[in-house]
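Colleague: I am sharing coords19.txt, which consists of compact mmCIF, C-alpha atoms and all ligand atoms:
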```
# COMPACT_ATOMS: atom_id res chain seq x y z
CA MET V 206 180.31 80.08 95.49
CA HIS V 207 176.84 80.41 93.94
CA LEU V 208 175.45 83.74 92.77
CA THR V 209 171.77 84.67 93.07
CA LEU V 210 172.04 87.03 90.07
CA ASP V 211 173.06 86.65 86.43
CA LEU V 212 176.21 88.67 85.76
CA ASP V 213 175.53 88.51 82.01
CA ALA V 214 172.13 90.24 82.28
CA ILE V 215 171.80 93.79 80.89
CA GLY V 216 170.70 96.46 83.37
CA THR V 217 171.14 96.90 87.12
CA HIS V 218 170.79 93.77 89.25
CA HIS V 219 171.30 93.15 92.95
CA GLY V 220 172.01 89.72 94.38
CA ASP V 221 174.33 87.76 96.61
CA ALA V 222 177.32 85.51 96.49
CA MET V 223 176.20 82.67 98.75
CA LEU V 224 178.88 82.06 101.37
CA ARG V 225 177.92 78.74 102.89
CA TRP V 226 179.42 78.38 106.35
CA SER V 227 177.68 76.30 108.94
CA ASP V 228 177.95 77.44 112.54
CA ASN V 229 175.63 77.79 115.54
CA SER V 230 174.24 81.12 114.35
CA ASN V 231 173.52 79.95 110.81
CA PRO V 232 173.54 76.13 110.57
CA LEU V 233 172.13 75.51 107.08
CA GLY V 234 171.71 78.89 105.41
CA TYR V 235 174.29 81.20 103.94
CA HIS V 236 176.07 84.46 104.74
CA PRO V 237 175.01 86.85 101.93
CA ILE V 238 177.78 88.82 100.22
CA PRO V 239 175.97 91.51 98.20
CA VAL V 240 176.88 91.76 94.50
CA ILE V 241 175.67 94.58 92.26
CA SER V 242 175.94 94.25 88.48
CA ILE V 243 175.36 97.26 86.24
CA LYS V 244 175.71 96.23 82.61
CA GLY V 245 175.25 98.56 79.66
CA ARG V 246 176.56 98.58 76.11
CA ALA V 247 179.72 96.78 74.97
CA GLY V 248 182.81 97.84 76.88
CA PRO V 249 185.19 96.87 79.64
CA THR V 250 184.22 95.30 82.97
CA LEU V 251 185.39 97.08 86.12
CA LEU V 252 185.34 95.33 89.49
CA ILE V 253 184.90 97.58 92.54
CA THR V 254 185.43 95.90 95.90
CA ALA V 255 185.14 97.55 99.32
CA GLY V 256 184.80 96.18 102.82
CA THR V 257 187.63 93.70 102.31
CA HIS V 258 188.40 94.78 105.87
CA GLY V 259 185.14 95.31 107.75
CA ASP V 260 186.09 98.42 109.73
CA GLU V 261 186.95 100.63 106.72
CA PHE V 262 183.89 102.57 105.59
CA GLU V 263 184.97 105.33 103.17
CA GLY V 264 185.21 102.81 100.29
CA PRO V 265 181.84 101.13 100.91
CA SER V 266 180.19 104.59 101.08
CA ALA V 267 181.65 105.68 97.73
CA ALA V 268 180.85 102.30 96.14
CA MET V 269 177.21 102.61 97.26
CA ARG V 270 177.01 106.13 95.81
CA ILE V 271 178.34 104.85 92.47
CA ALA V 272 175.96 101.87 92.49
CA ARG V 273 172.99 104.22 92.98
CA SER V 274 174.02 106.81 90.40
CA ILE V 275 175.31 104.92 87.35
CA ASP V 276 172.62 104.37 84.72
CA PRO V 277 173.27 101.26 82.60
CA GLU V 278 171.76 103.08 79.60
CA HIS V 279 174.70 105.48 79.72
CA LEU V 280 177.39 102.93 80.53
CA ASN V 281 179.90 101.34 78.17
CA GLY V 282 180.68 97.97 79.70
CA GLN V 283 179.88 96.59 83.14
CA LEU V 284 180.43 97.48 86.78
CA ILE V 285 180.58 94.60 89.26
CA ILE V 286 180.39 96.17 92.72
CA LEU V 287 180.87 94.33 96.01
CA PRO V 288 180.41 97.12 98.57
CA ALA V 289 180.84 94.74 101.54
CA LEU V 290 183.15 92.04 100.20
CA ASN V 291 183.81 90.62 103.65
CA ALA V 292 180.16 91.01 104.67
CA PRO V 293 180.47 89.14 108.00
CA ALA V 294 183.34 91.48 108.95
CA VAL V 295 181.43 94.62 107.85
CA ARG V 296 178.44 93.58 109.97
CA ALA V 297 180.77 93.37 112.97
CA SER V 298 182.86 96.48 112.06
CA SER V 299 185.82 94.13 112.31
CA ARG V 300 189.08 94.10 110.34
CA VAL V 301 189.12 90.30 110.23
CA THR V 302 186.33 87.82 109.50
CA PRO V 303 184.56 87.09 112.80
CA LEU V 304 183.62 83.58 111.57
CA ASP V 305 187.24 82.37 111.53
CA GLY V 306 189.43 85.28 112.67
CA ALA V 307 191.23 85.48 109.31
CA ASN V 308 192.33 88.58 107.37
CA LEU V 309 190.82 88.46 103.86
CA ASN V 310 193.62 90.58 102.39
CA ARG V 311 196.11 87.91 103.55
CA ALA V 312 193.98 84.98 102.35
CA PHE V 313 194.44 84.90 98.55
CA PRO V 314 194.37 82.76 96.44
CA GLY V 315 192.06 81.09 98.95
CA HIS V 316 190.31 77.76 98.52
CA PRO V 317 186.74 76.77 97.51
CA GLN V 318 186.62 74.19 100.33
CA GLY V 319 188.51 76.23 102.91
CA GLY V 320 187.21 78.33 105.78
CA PRO V 321 184.88 81.28 105.09
CA THR V 322 187.70 83.76 104.45
CA ALA V 323 189.46 81.34 102.08
CA MET V 324 186.18 80.80 100.22
CA ILE V 325 185.64 84.57 99.70
CA ALA V 326 189.23 84.90 98.41
CA ASP V 327 188.79 81.99 96.02
CA PHE V 328 185.48 83.42 94.79
CA ILE V 329 187.19 86.69 93.83
CA GLU V 330 190.38 85.16 92.35
CA ALA V 331 188.85 82.17 90.53
CA GLN V 332 185.31 83.34 89.63
CA ILE V 333 185.35 87.13 89.35
CA MET V 334 188.88 88.24 88.35
CA PRO V 335 188.92 86.17 85.12
CA ARG V 336 185.86 88.05 83.82
CA VAL V 337 187.00 91.63 84.53
CA ASP V 338 189.28 94.02 82.62
CA ALA V 339 190.25 96.20 85.59
CA ALA V 340 189.77 96.18 89.35
CA ILE V 341 189.91 98.53 92.30
CA ASP V 342 189.89 97.50 95.98
CA LEU V 343 188.99 100.32 98.38
CA HIS V 344 190.76 100.29 101.75
CA SER V 345 191.44 102.79 104.50
CA GLY V 346 193.18 102.64 107.86
CA GLY V 347 190.19 101.24 109.74
CA LYS V 348 189.97 101.60 113.48
CA ALA V 349 193.69 100.95 113.93
CA SER V 350 195.35 103.58 111.76
CA PHE V 351 195.09 106.62 109.53
CA PHE V 352 196.62 106.70 106.03
CA GLN V 353 197.38 109.76 103.95
CA PRO V 354 194.88 109.12 101.10
CA CYS V 355 196.67 107.37 98.24
CA THR V 356 196.34 104.81 95.45
CA LEU V 357 198.34 101.56 95.46
CA PRO V 358 199.53 100.05 92.18
CA THR V 359 201.60 96.88 92.31
CA ARG V 360 204.99 96.88 90.62
CA THR V 361 204.34 93.55 88.92
CA LYS V 362 206.98 91.36 87.29
CA ASP V 363 205.26 92.04 83.95
CA PRO V 364 206.28 95.64 83.06
CA GLU V 365 203.25 96.15 80.78
CA LEU V 366 200.86 95.23 83.61
CA TYR V 367 202.74 97.57 85.95
CA GLU V 368 202.27 100.44 83.46
CA LYS V 369 198.52 99.75 83.37
CA ASN V 370 198.37 99.59 87.18
CA LEU V 371 200.22 102.90 87.38
CA ASP V 372 197.86 104.46 84.78
CA LEU V 373 194.85 103.45 86.92
CA ALA V 374 196.52 104.92 90.02
CA VAL V 375 197.22 108.22 88.24
CA ALA V 376 193.71 108.31 86.71
CA PHE V 377 192.09 108.04 90.16
CA GLY V 378 193.52 111.50 90.76
CA LEU V 379 194.85 111.53 94.34
CA PRO V 380 198.15 113.42 94.72
CA LEU V 381 199.93 110.47 96.39
CA ILE V 382 200.78 106.97 95.12
CA TRP V 383 202.08 104.19 97.37
CA ARG V 384 203.75 101.68 95.08
CA LEU V 385 203.64 98.07 96.28
CA GLY V 386 207.10 96.76 95.53
CA ALA V 387 209.27 93.96 96.80
CA ASN V 388 207.66 93.99 100.26
CA ASN V 389 204.14 93.45 98.90
CA ASP V 390 202.19 90.53 100.30
CA ALA V 391 201.36 87.73 97.82
CA ARG V 392 198.08 87.05 99.66
CA SER V 393 196.33 90.37 98.85
CA VAL V 394 193.64 91.32 96.29
CA ASN V 395 196.43 93.11 94.38
CA SER V 396 198.31 89.82 94.10
CA ALA V 397 195.17 88.00 92.96
CA ALA V 398 194.88 90.57 90.15
CA GLU V 399 198.56 90.13 89.26
CA ARG V 400 198.19 86.34 89.04
CA THR V 401 195.16 86.69 86.75
CA GLY V 402 196.75 89.47 84.65
CA VAL V 403 194.10 92.08 85.57
CA PRO V 404 195.17 95.75 85.83
CA MET V 405 194.34 96.81 89.37
CA VAL V 406 194.82 99.48 91.95
CA ALA V 407 193.97 99.59 95.65
CA THR V 408 193.43 102.67 97.80
CA GLU V 409 194.09 103.76 101.36
CA LEU V 410 191.56 106.46 102.24
CA GLY V 411 192.20 107.91 105.66
CA GLY V 412 190.87 105.81 108.49
CA GLY V 413 189.71 105.83 112.07
CA GLY V 414 186.81 103.45 111.59
CA GLY V 415 184.28 106.04 110.42
CA VAL V 416 183.53 108.01 107.26
CA ASP V 417 185.37 111.25 106.46
CA PRO V 418 183.16 113.37 104.14
CA GLU V 419 186.00 115.01 102.19
CA ILE V 420 187.89 111.76 101.61
CA THR V 421 184.69 109.93 100.63
CA ASN V 422 183.90 112.67 98.08
CA GLN V 423 187.43 112.27 96.68
CA THR V 424 186.83 108.53 96.45
CA GLU V 425 183.59 108.90 94.50
CA THR V 426 185.30 111.39 92.16
CA GLY V 427 188.23 108.99 91.77
CA LEU V 428 185.94 106.09 90.82
CA ARG V 429 184.28 108.26 88.16
CA ARG V 430 187.68 109.33 86.82
CA LEU V 431 188.69 105.69 86.61
CA MET V 432 185.55 104.95 84.59
CA VAL V 433 186.27 107.89 82.26
CA HIS V 434 189.86 106.62 81.88
CA LEU V 435 188.49 103.19 80.86
CA GLY V 436 186.02 104.74 78.38
CA MET V 437 182.97 103.58 80.38
CA ILE V 438 181.32 106.96 80.97
CA ASP V 439 181.62 110.48 79.62
CA GLY V 440 183.01 113.06 81.97
CA GLU V 441 185.85 115.14 83.16
CA ALA V 442 189.14 113.94 81.68
CA PRO V 443 191.24 112.16 84.30
CA SER V 444 193.56 114.69 85.83
CA LYS V 445 197.28 114.10 86.29
CA GLN V 446 197.62 115.50 89.77
CA THR V 447 199.97 112.88 91.17
CA LYS V 448 202.80 114.75 92.84
CA LYS V 449 204.51 112.11 94.91
CA MET V 450 205.15 108.36 94.87
CA VAL V 451 206.47 106.44 97.88
CA GLU V 452 207.41 102.85 98.67
CA VAL V 453 208.22 100.83 101.78
CA THR V 454 211.87 100.19 100.97
CA ASP V 455 212.64 98.59 104.35
CA PRO V 456 210.12 97.62 107.06
CA LEU V 457 212.79 98.54 109.61
CA ASN V 458 212.40 102.21 108.61
CA SER V 459 209.03 102.35 110.38
CA LEU V 460 208.46 103.11 114.04
CA TYR V 461 207.07 100.35 116.25
CA ALA V 462 206.02 100.32 119.92
CA PRO V 463 209.10 99.51 122.04
CA ALA V 464 206.97 98.28 124.96
CA GLU V 465 203.40 98.14 126.21
CA GLY V 466 202.33 101.69 126.88
CA LEU V 467 200.74 104.91 125.71
CA PHE V 468 201.97 106.58 122.51
CA ASP V 469 201.70 110.36 122.89
CA ARG V 470 202.07 110.96 119.16
CA ALA V 471 203.93 114.00 117.76
CA VAL V 472 203.96 113.02 114.06
CA LYS V 473 201.19 112.41 111.55
CA ALA V 474 200.51 110.87 108.16
CA GLY V 475 201.52 113.14 105.28
CA GLN V 476 204.59 114.54 107.06
CA THR V 477 208.16 114.42 105.75
CA VAL V 478 210.65 113.64 108.54
CA LYS V 479 214.38 113.34 109.13
CA ALA V 480 216.14 110.61 111.11
CA GLY V 481 216.21 111.66 114.76
CA ASP V 482 213.15 113.95 114.57
CA PHE V 483 210.98 113.78 117.69
CA ALA V 484 208.16 111.27 117.07
CA GLY V 485 206.39 111.35 120.44
CA TRP V 486 206.55 110.43 124.11
CA PHE V 487 205.93 106.86 125.19
CA HIS V 488 204.28 106.90 128.63
CA PHE V 489 203.66 104.15 131.17
CA PRO V 490 200.39 105.24 132.78
CA LEU V 491 200.04 101.94 134.64
CA GLU V 492 203.50 102.44 136.21
CA SER V 493 203.22 106.15 136.89
CA GLU V 494 206.69 106.61 138.45
CA ARG V 495 208.41 105.17 135.40
CA PRO V 496 209.79 107.97 133.18
CA PRO V 497 208.58 108.12 129.56
CA LEU V 498 210.66 107.14 126.55
CA ARG V 499 211.44 109.82 123.99
CA LEU V 500 210.78 108.24 120.57
CA THR V 501 212.48 109.52 117.43
CA CYS V 502 212.07 108.80 113.72
CA PRO V 503 214.39 105.94 112.74
CA THR V 504 215.19 107.30 109.27
CA ASP V 505 214.56 110.09 106.77
CA GLY V 506 211.27 109.53 104.98
CA PHE V 507 207.60 110.25 104.41
CA ILE V 508 205.05 109.18 107.03
CA LEU V 509 202.34 107.35 105.08
CA ALA V 510 200.30 106.23 108.09
CA HIS V 511 200.13 106.69 111.83
CA THR V 512 198.51 104.53 114.47
CA ASN V 513 195.06 105.54 115.59
CA ARG V 514 195.45 103.77 118.91
CA GLY V 515 196.65 105.28 122.16
CA TYR V 516 197.56 102.37 124.42
CA VAL V 517 199.57 99.85 122.38
CA GLN V 518 201.46 96.59 122.75
CA ARG V 519 205.16 96.06 122.00
CA GLY V 520 205.64 95.60 118.25
CA GLU V 521 202.57 97.56 117.06
CA MET V 522 203.10 100.00 114.19
CA LEU V 523 203.23 103.60 115.40
CA ALA V 524 204.31 105.33 112.18
CA LEU V 525 204.73 103.78 108.72
CA VAL V 526 207.81 105.47 107.20
CA THR V 527 208.25 105.23 103.42
CA SER V 528 210.84 106.43 100.92
CA ASP V 529 210.16 108.99 98.19
CA ILE V 530 210.48 107.38 94.74
CA SER V 531 208.76 110.17 92.80
CA ASP V 532 211.55 110.05 90.18
CA ASP V 533 209.99 106.76 88.97
CA LEU V 534 206.80 108.62 87.98
CA ASN V 535 208.46 109.98 84.85
ZN ZN V 601 192.15 97.46 104.57
```
Here is a file; write its structure as structure tokens.

Modeller:
Amino acid sequence: MHLTLDLDAIGTHHGDAMLRWSDNSNPLGYHPIPVISIKGRAGPTLLITAGTHGDEFEGPSAAMRIARSIDPEHLNGQLIILPALNAPAVRASSRVTPLDGANLNRAFPGHPQGGPTAMIADFIEAQIMPRVDAAIDLHSGGKASFFQPCTLPTRTKDPELYEKNLDLAVAFGLPLIWRLGANNDARSVNSAAERTGVPMVATELGGGGGVDPEITNQTETGLRRLMVHLGMIDGEAPSKQTKKMVEVTDPLNSLYAPAEGLFDRAVKAGQTVKAGDFAGWFHFPLESERPPLRLTCPTDGFILAHTNRGYVQRGEMLALVTSDISDDLN
């Protein structure tokens, strides 16, 4: 993918990655993916991506604040910021790319001659990752769900890379870490970073499809802490406030919709539960004489996310139940 800016230029520069995808709406032009480069003195390069899913807006907000406030004259190294990585999806407030219906965070390593989502993935993995020293990809629950705010390091096969990922997660400063372990998806930005040997962390920052002011402030603070950790800016020393680390040890521990119906939720993200605890009523408002189901938590655990939907289809996630692995923090 071509860039309309020079990533080697000193100073702050705004341009686009030119996503060429010919359809009825845009036959011979391109779909602009904004790229911001802020390059100062010698130092590391940090990649900040947000809008990988187009209905998650806390990350793009914090990324835009950082892009506006970092002065290249007081920066060691370079920030490459893509505040709307999946720009066609952000324009549509859509989780997936509206041009081809694909999920960018399940599209890596992608392909330079694939569909639009595959081309964006390839651009990041093949063109951008090799030139950066660290990366962060800002997610939240989007319209569909709400996540207890957390950072996501991958437990990579390379133990040294895992340590660096964990250091980035701790430096960001949220009290909760969700470690991506054996059940991680090899088609995510995290996996692209692992394949290219780049230390990386993702985030989940609430959700609901809007912008929570408190969580967005925490995100901006976290990005600054990450830059202090990497020696890029002066500032408050990264705090070590991580109190808990969780992992999805078995997808069957989570609660899914048993039928089509209305989930009258009784649990929420951030809650510790026991197997058998009441999780909510499951009503059938379209068959009003049918009695509701009483849903319970399938296992002991920590609820990392809950659905943000009311009426759901059979198989949809209602509560993401994780296991506490805080002992691995030490
Ligand atoms: Zn996401």

Colleague: Show me which residues line ligand ZN 601 (chain V), defined as having an atom within 10 Å of a ligand atom where only C-alpha atoms and all ligand atoms count, and present them as a PyMOL selection string.

Modeller: chain V and resi 255-262+264+300-301+308-310+342-347+350+407-410+412

Colleague: Pick from V:Gly506, V:Pro418, V:Pro314, V:Gly427: nearest to Ala480 in chain V, with only C-alpha atoms counted?

Modeller: V:Gly506

Colleague: So which one's closest to Gly440 in chain V, V:Asn291, V:Ala374, V:Val517, V:His279? Using all atoms listed in the file, please.

Modeller: V:His279

Colleague: Set up a box along x, y and z of the file covering all listed atoms of range 344-347 of chain V, add 3 Å on every one of the six sides, and write the centre and edge lengths in Å to one decimal, as JSON.

Modeller:
```
{"center_x": 191.7, "center_y": 101.5, "center_z": 105.7, "size_x": 9.0, "size_y": 8.5, "size_z": 14.0}
```

Colleague: For Ala398 in chain V, which of V:Asp533, V:Glu330, V:Glu263, V:Glu521 is the closest residue, counting only C-alpha atoms?

Modeller: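 Of V:Asp533, V:Glu330, V:Glu263, V:Glu521, the one nearest Ala398 in chain V, counting only C-alpha atoms, is V:Glu330.
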
Colleague: Could you give me, as a ChimeraX atom specification, the residues that sit within 10 Å of (182.3, 72.6, 108.1) in the file's coordinates, counting all atoms listed in the file?

Modeller: /V:225-228,232,318-321

Colleague: Report, in Å to a single decimal, how far apart CA of His488 in chain V and CA of Ala464 in chain V are.

Modeller: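 Between CA of Ala464 in chain V and CA of His488 in chain V the gap is 9.7 Å.
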
Colleague: Could you give me, as a PyMOL selection string, the residues that sit within 7 Å of (192.6, 88.5, 99.8) in the file's coordinates, counting only C-alpha atoms?

Modeller: chain V and resi 309-314+326+392-394

Colleague: Please provide the set of residues having any atom within 12 Å of Ala268 in chain V, restricted to only C-alpha atoms, with same-chain residues fewer than 6 positions apart removed, written as a PyMOL selection string.

Modeller: chain V and resi 240-241+252-256+262+274-275+284-290+341-344+421-429

Colleague: By how many Å are CA of Asn513 in chain V and CA of Phe351 in chain V apart?

Modeller: 6.2 Å

Colleague: CA of Gly413 in chain V and CA of Ala524 in chain V are how many Å apart?

Modeller: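 CA of Ala524 in chain V lies 14.6 Å from CA of Gly413 in chain V.
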
Colleague: Might you pull out every residue within 12 Å of range 244-250 of chain V, with only C-alpha atoms counted and same-chain residues fewer than 2 positions away left off, and present them as number ranges by chain?

Modeller: V: 211-219, 241-242, 252-253, 272, 275-286, 333-341, 403-404, 431-438

Colleague: In terms of the shortest atom-to-atom distance over only C-alpha atoms, which of V:Gly234, V:Gly466, V:Pro354, V:Pro239 is closest to Ala510 in chain V?

Modeller: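 Ranking V:Gly234, V:Gly466, V:Pro354, V:Pro239 by distance to Ala510 in chain V, first place goes to V:Pro354.
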
Colleague: What's around Leu208 in chain V at 6 Å? Count all atoms listed in the file, leave out sequence neighbours fewer than 2 positions away in its own chain, and write the answer as a ChimeraX atom specification.

Modeller: /V:210,221-222

Colleague: I need the residue nearest Ser299 in chain V from this list: V:Leu371, V:Ala349, V:Thr512, V:Lys448. Use all atoms listed in the file for the distance.

Modeller: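 Selected residue with least distance to Ser299 in chain V: V:Ala349.
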
Colleague: Some atoms are absent from range 460-485 of chain V, so rebuild N, CA, C and O atoms and return them as a PDB file, in the frame of the given file.

Modeller:
```pdb
ATOM      1  N   LEU V 460     208.349 103.004 112.587  1.00  0.00           N
ATOM      2  CA  LEU V 460     208.460 103.110 114.040  1.00  0.00           C
ATOM      3  C   LEU V 460     207.445 102.169 114.677  1.00  0.00           C
ATOM      4  O   LEU V 460     206.256 102.212 114.335  1.00  0.00           O
ATOM      5  N   TYR V 461     207.927 101.327 115.573  1.00  0.00           N
ATOM      6  CA  TYR V 461     207.070 100.350 116.250  1.00  0.00           C
ATOM      7  C   TYR V 461     207.108 100.604 117.757  1.00  0.00           C
ATOM      8  O   TYR V 461     208.081 101.168 118.281  1.00  0.00           O
ATOM      9  N   ALA V 462     206.078 100.126 118.464  1.00  0.00           N
ATOM     10  CA  ALA V 462     206.020 100.320 119.920  1.00  0.00           C
ATOM     11  C   ALA V 462     207.143  99.520 120.586  1.00  0.00           C
ATOM     12  O   ALA V 462     207.258  98.313 120.368  1.00  0.00           O
ATOM     13  N   PRO V 463     207.977 100.194 121.399  1.00  0.00           N
ATOM     14  CA  PRO V 463     209.100  99.510 122.040  1.00  0.00           C
ATOM     15  C   PRO V 463     208.672  98.709 123.281  1.00  0.00           C
ATOM     16  O   PRO V 463     209.455  97.935 123.815  1.00  0.00           O
ATOM     17  N   ALA V 464     207.450  98.931 123.735  1.00  0.00           N
ATOM     18  CA  ALA V 464     206.970  98.280 124.960  1.00  0.00           C
ATOM     19  C   ALA V 464     205.458  98.414 124.970  1.00  0.00           C
ATOM     20  O   ALA V 464     204.872  98.995 124.056  1.00  0.00           O
ATOM     21  N   GLU V 465     204.824  97.873 125.999  1.00  0.00           N
ATOM     22  CA  GLU V 465     203.400  98.140 126.210  1.00  0.00           C
ATOM     23  C   GLU V 465     203.277  99.509 126.866  1.00  0.00           C
ATOM     24  O   GLU V 465     203.970  99.770 127.861  1.00  0.00           O
ATOM     25  N   GLY V 466     202.457 100.370 126.290  1.00  0.00           N
ATOM     26  CA  GLY V 466     202.330 101.690 126.880  1.00  0.00           C
ATOM     27  C   GLY V 466     201.492 102.612 126.035  1.00  0.00           C
ATOM     28  O   GLY V 466     200.777 102.175 125.122  1.00  0.00           O
ATOM     29  N   LEU V 467     201.587 103.892 126.345  1.00  0.00           N
ATOM     30  CA  LEU V 467     200.740 104.910 125.710  1.00  0.00           C
ATOM     31  C   LEU V 467     201.579 105.779 124.786  1.00  0.00           C
ATOM     32  O   LEU V 467     202.532 106.435 125.236  1.00  0.00           O
ATOM     33  N   PHE V 468     201.232 105.782 123.493  1.00  0.00           N
ATOM     34  CA  PHE V 468     201.970 106.580 122.510  1.00  0.00           C
ATOM     35  C   PHE V 468     201.346 107.963 122.432  1.00  0.00           C
ATOM     36  O   PHE V 468     200.222 108.131 121.962  1.00  0.00           O
ATOM     37  N   ASP V 469     202.112 108.951 122.897  1.00  0.00           N
ATOM     38  CA  ASP V 469     201.700 110.360 122.890  1.00  0.00           C
ATOM     39  C   ASP V 469     202.294 110.947 121.613  1.00  0.00           C
ATOM     40  O   ASP V 469     203.376 111.510 121.594  1.00  0.00           O
ATOM     41  N   ARG V 470     201.562 110.773 120.523  1.00  0.00           N
ATOM     42  CA  ARG V 470     202.070 110.960 119.160  1.00  0.00           C
ATOM     43  C   ARG V 470     202.379 112.424 118.842  1.00  0.00           C
ATOM     44  O   ARG V 470     201.575 113.310 119.117  1.00  0.00           O
ATOM     45  N   ALA V 471     203.548 112.646 118.182  1.00  0.00           N
ATOM     46  CA  ALA V 471     203.930 114.000 117.760  1.00  0.00           C
ATOM     47  C   ALA V 471     204.054 114.106 116.245  1.00  0.00           C
ATOM     48  O   ALA V 471     204.363 115.176 115.732  1.00  0.00           O
ATOM     49  N   VAL V 472     203.856 113.010 115.533  1.00  0.00           N
ATOM     50  CA  VAL V 472     203.960 113.020 114.060  1.00  0.00           C
ATOM     51  C   VAL V 472     202.621 112.580 113.479  1.00  0.00           C
ATOM     52  O   VAL V 472     201.786 112.009 114.179  1.00  0.00           O
ATOM     53  N   LYS V 473     202.444 112.844 112.183  1.00  0.00           N
ATOM     54  CA  LYS V 473     201.190 112.410 111.550  1.00  0.00           C
ATOM     55  C   LYS V 473     201.413 112.040 110.097  1.00  0.00           C
ATOM     56  O   LYS V 473     202.410 112.466 109.479  1.00  0.00           O
ATOM     57  N   ALA V 474     200.463 111.270 109.560  1.00  0.00           N
ATOM     58  CA  ALA V 474     200.510 110.870 108.160  1.00  0.00           C
ATOM     59  C   ALA V 474     200.562 112.106 107.275  1.00  0.00           C
ATOM     60  O   ALA V 474     199.899 113.102 107.555  1.00  0.00           O
ATOM     61  N   GLY V 475     201.383 112.024 106.204  1.00  0.00           N
ATOM     62  CA  GLY V 475     201.520 113.140 105.280  1.00  0.00           C
ATOM     63  C   GLY V 475     202.707 114.031 105.570  1.00  0.00           C
ATOM     64  O   GLY V 475     202.957 115.000 104.848  1.00  0.00           O
ATOM     65  N   GLN V 476     203.472 113.696 106.616  1.00  0.00           N
ATOM     66  CA  GLN V 476     204.590 114.540 107.060  1.00  0.00           C
ATOM     67  C   GLN V 476     205.908 113.966 106.547  1.00  0.00           C
ATOM     68  O   GLN V 476     206.102 112.750 106.565  1.00  0.00           O
ATOM     69  N   THR V 477     206.807 114.836 106.113  1.00  0.00           N
ATOM     70  CA  THR V 477     208.160 114.420 105.750  1.00  0.00           C
ATOM     71  C   THR V 477     209.059 114.610 106.972  1.00  0.00           C
ATOM     72  O   THR V 477     208.999 115.663 107.625  1.00  0.00           O
ATOM     73  N   VAL V 478     209.836 113.587 107.311  1.00  0.00           N
ATOM     74  CA  VAL V 478     210.650 113.640 108.540  1.00  0.00           C
ATOM     75  C   VAL V 478     212.104 113.314 108.236  1.00  0.00           C
ATOM     76  O   VAL V 478     212.429 112.746 107.192  1.00  0.00           O
ATOM     77  N   LYS V 479     212.955 113.679 109.186  1.00  0.00           N
ATOM     78  CA  LYS V 479     214.380 113.340 109.130  1.00  0.00           C
ATOM     79  C   LYS V 479     214.677 112.343 110.256  1.00  0.00           C
ATOM     80  O   LYS V 479     214.014 112.377 111.308  1.00  0.00           O
ATOM     81  N   ALA V 480     215.712 111.524 110.051  1.00  0.00           N
ATOM     82  CA  ALA V 480     216.140 110.610 111.110  1.00  0.00           C
ATOM     83  C   ALA V 480     216.452 111.425 112.365  1.00  0.00           C
ATOM     84  O   ALA V 480     217.115 112.459 112.290  1.00  0.00           O
ATOM     85  N   GLY V 481     215.946 110.975 113.501  1.00  0.00           N
ATOM     86  CA  GLY V 481     216.210 111.660 114.760  1.00  0.00           C
ATOM     87  C   GLY V 481     215.155 112.679 115.143  1.00  0.00           C
ATOM     88  O   GLY V 481     215.146 113.166 116.276  1.00  0.00           O
ATOM     89  N   ASP V 482     214.237 113.017 114.221  1.00  0.00           N
ATOM     90  CA  ASP V 482     213.150 113.950 114.570  1.00  0.00           C
ATOM     91  C   ASP V 482     212.313 113.348 115.700  1.00  0.00           C
ATOM     92  O   ASP V 482     212.066 112.138 115.739  1.00  0.00           O
ATOM     93  N   PHE V 483     211.839 114.215 116.585  1.00  0.00           N
ATOM     94  CA  PHE V 483     210.980 113.780 117.690  1.00  0.00           C
ATOM     95  C   PHE V 483     209.683 113.182 117.147  1.00  0.00           C
ATOM     96  O   PHE V 483     208.994 113.790 116.334  1.00  0.00           O
ATOM     97  N   ALA V 484     209.362 111.953 117.582  1.00  0.00           N
ATOM     98  CA  ALA V 484     208.160 111.270 117.070  1.00  0.00           C
ATOM     99  C   ALA V 484     207.057 111.189 118.133  1.00  0.00           C
ATOM    100  O   ALA V 484     205.899 110.951 117.793  1.00  0.00           O
ATOM    101  N   GLY V 485     207.413 111.370 119.402  1.00  0.00           N
ATOM    102  CA  GLY V 485     206.390 111.350 120.440  1.00  0.00           C
ATOM    103  C   GLY V 485     206.948 110.799 121.750  1.00  0.00           C
ATOM    104  O   GLY V 485     208.032 110.206 121.781  1.00  0.00           O
TER     105      GLY V 485
END
```
